[in-house]
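Novice: Below is upload-v3.pdb; it holds PDB, C-alpha atoms, pLDDT in the B column.
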ATOM      1  CA  MET A1124     -15.259 -23.978 -25.235  1.00 78.00           C
ATOM      2  CA  LYS A1125     -12.660 -26.275 -26.752  1.00 89.00           C
ATOM      3  CA  GLU A1126     -10.285 -28.178 -24.525  1.00 89.00           C
ATOM      4  CA  SER A1127      -7.290 -26.202 -25.806  1.00 90.00           C
ATOM      5  CA  GLU A1128      -9.095 -22.906 -25.201  1.00 90.00           C
ATOM      6  CA  ARG A1129     -10.058 -24.021 -21.712  1.00 90.00           C
ATOM      7  CA  LYS A1130      -6.479 -24.990 -20.928  1.00 91.00           C
ATOM      8  CA  LYS A1131      -5.189 -21.615 -22.169  1.00 93.00           C
ATOM      9  CA  PHE A1132      -7.860 -19.821 -20.147  1.00 93.00           C
ATOM     10  CA  ASP A1133      -6.914 -21.735 -16.991  1.00 92.00           C
ATOM     11  CA  GLU A1134      -3.212 -21.038 -17.513  1.00 94.00           C
ATOM     12  CA  ASN A1135      -3.867 -17.313 -17.955  1.00 95.00           C
ATOM     13  CA  ARG A1136      -6.105 -17.250 -14.901  1.00 96.00           C
ATOM     14  CA  GLU A1137      -3.435 -18.956 -12.783  1.00 96.00           C
ATOM     15  CA  ARG A1138      -0.763 -16.561 -14.049  1.00 96.00           C
ATOM     16  CA  ILE A1139      -2.917 -13.539 -13.278  1.00 97.00           C
ATOM     17  CA  LEU A1140      -3.770 -14.824  -9.812  1.00 97.00           C
ATOM     18  CA  LYS A1141      -0.083 -15.413  -9.094  1.00 97.00           C
ATOM     19  CA  GLU A1142       0.807 -11.899 -10.273  1.00 98.00           C
ATOM     20  CA  LEU A1143      -1.922 -10.408  -8.086  1.00 97.00           C
ATOM     21  CA  GLU A1144      -0.717 -12.348  -5.068  1.00 98.00           C
ATOM     22  CA  GLU A1145       2.849 -11.153  -5.678  1.00 98.00           C
ATOM     23  CA  GLU A1146       1.648  -7.565  -6.016  1.00 98.00           C
ATOM     24  CA  LYS A1147      -0.334  -7.892  -2.797  1.00 98.00           C
ATOM     25  CA  GLU A1148       2.799  -9.106  -1.003  1.00 98.00           C
ATOM     26  CA  ARG A1149       4.892  -6.222  -2.411  1.00 98.00           C
ATOM     27  CA  ASN A1150       2.261  -3.695  -1.341  1.00 98.00           C
ATOM     28  CA  PHE A1151       2.155  -5.160   2.159  1.00 98.00           C
ATOM     29  CA  LYS A1152       5.953  -4.975   2.477  1.00 98.00           C
ATOM     30  CA  GLN A1153       5.934  -1.359   1.257  1.00 98.00           C
ATOM     31  CA  LYS A1154       3.312  -0.422   3.833  1.00 97.00           C
ATOM     32  CA  ILE A1155       5.275  -2.070   6.634  1.00 98.00           C
ATOM     33  CA  GLU A1156       8.444  -0.285   5.530  1.00 98.00           C
ATOM     34  CA  PHE A1157       6.613   3.052   5.455  1.00 96.00           C
ATOM     35  CA  VAL A1158       5.286   2.516   8.989  1.00 96.00           C
ATOM     36  CA  ARG A1159       8.760   1.555  10.216  1.00 97.00           C
ATOM     37  CA  LEU A1160      10.361   4.651   8.652  1.00 95.00           C
ATOM     38  CA  TYR A1161       7.577   6.909   9.902  1.00 90.00           C
ATOM     39  CA  ALA A1162       7.920   5.536  13.445  1.00 92.00           C
ATOM     40  CA  GLU A1163      11.669   6.214  13.304  1.00 94.00           C
ATOM     41  CA  TRP A1164      11.000   9.757  12.121  1.00 89.00           C
ATOM     42  CA  ILE A1165       8.534  10.372  14.957  1.00 87.00           C
ATOM     43  CA  LYS A1166      11.012   9.042  17.538  1.00 91.00           C
ATOM     44  CA  LYS A1167      13.801  11.377  16.407  1.00 93.00           C
ATOM     45  CA  THR A1168      11.675  14.460  15.669  1.00 91.00           C
ATOM     46  CA  PRO A1169      10.721  16.848  18.465  1.00 92.00           C
ATOM     47  CA  ASN A1170       7.055  16.612  19.506  1.00 89.00           C
ATOM     48  CA  LYS A1171       6.412  20.226  18.582  1.00 88.00           C
ATOM     49  CA  GLU A1172       7.554  19.626  14.991  1.00 88.00           C
ATOM     50  CA  TRP A1173       5.693  16.394  14.262  1.00 83.00           C
ATOM     51  CA  SER A1174       2.521  17.533  16.033  1.00 87.00           C
ATOM     52  CA  LYS A1175       2.582  20.676  13.888  1.00 87.00           C
ATOM     53  CA  GLN A1176       2.840  18.556  10.740  1.00 85.00           C
ATOM     54  CA  HIS A1177       0.070  16.233  11.924  1.00 85.00           C
ATOM     55  CA  SER A1178      -2.128  19.239  12.577  1.00 89.00           C
ATOM     56  CA  LYS A1179      -1.561  20.522   9.030  1.00 88.00           C
ATOM     57  CA  PHE A1180      -2.359  17.115   7.585  1.00 86.00           C
ATOM     58  CA  ILE A1181      -5.528  16.626   9.635  1.00 88.00           C
ATOM     59  CA  ASN A1182      -6.746  20.124   8.865  1.00 89.00           C
ATOM     60  CA  SER A1183      -6.151  19.521   5.164  1.00 90.00           C
ATOM     61  CA  MET A1184      -8.638  16.628   5.298  1.00 87.00           C
ATOM     62  CA  TYR A1185     -11.495  18.941   6.188  1.00 87.00           C
ATOM     63  CA  LYS A1186     -13.199  20.604   3.279  1.00 72.00           C
ATOM     64  CA  LYS A1187     -13.227  24.336   3.625  1.00 70.00           C
ATOM     65  CA  ASP A1188     -16.486  25.972   2.579  1.00 62.00           C
TER      66      ASP A1188
END
Render the structure in this file as structure tokens.

Specialist:
Amino acid sequence: MKESERKKFDENRERILKELEEEKERNFKQKIEFVRLYAEWIKKTPNKEWSKQHSKFINSMYKKD
């Protein structure tokens, strides 16, 4: 590989790694925000309502034969 090709390759690799790291950080922040909003929802929603929704969700995970 020529020196110029190697340099271009390294620059692209660094750019891609930086983009991936930024995406990882965005994803982490989105997950934290979702957990925060969900916790708020659970706190303000009556137990009967959110437990009913949890039950539907959990039951939907089981494959029905």

Novice: Report, in Å with one decimal, the straight-line distance from atom CA of Lys1130 of chain A to atom CA of Arg1149 of chain A.

Specialist: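 Distance reported for this atom pair: 28.7 Å.
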
Novice: Quick one: pull the distance between atom CA of Ser1174 of chain A and atom CA of Phe1157 of chain A, Å, one decimal.

Specialist: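 Taking atom CA of Ser1174 of chain A as the start and atom CA of Phe1157 of chain A as the end point, the length is 18.4 Å.
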
Novice: Just give me the gap between atom CA of Asn1170 of chain A and atom CA of Glu1156 of chain A in Å, one decimal is fine.

Specialist: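 One can read the atom CA of Asn1170 of chain A to atom CA of Glu1156 of chain A distance as 22.0 Å.
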
Novice: Segment 1172-1188 of chain A, all listed atoms, 4 Å padding on each side: what axis-aligned box centre and edge lengths in Å to one decimal come out, as AutoDock Vina command-line options?

Specialist:
--center_x -4.5 --center_y 21.1 --center_z 9.3 --size_x 32.0 --size_y 17.7 --size_z 21.5
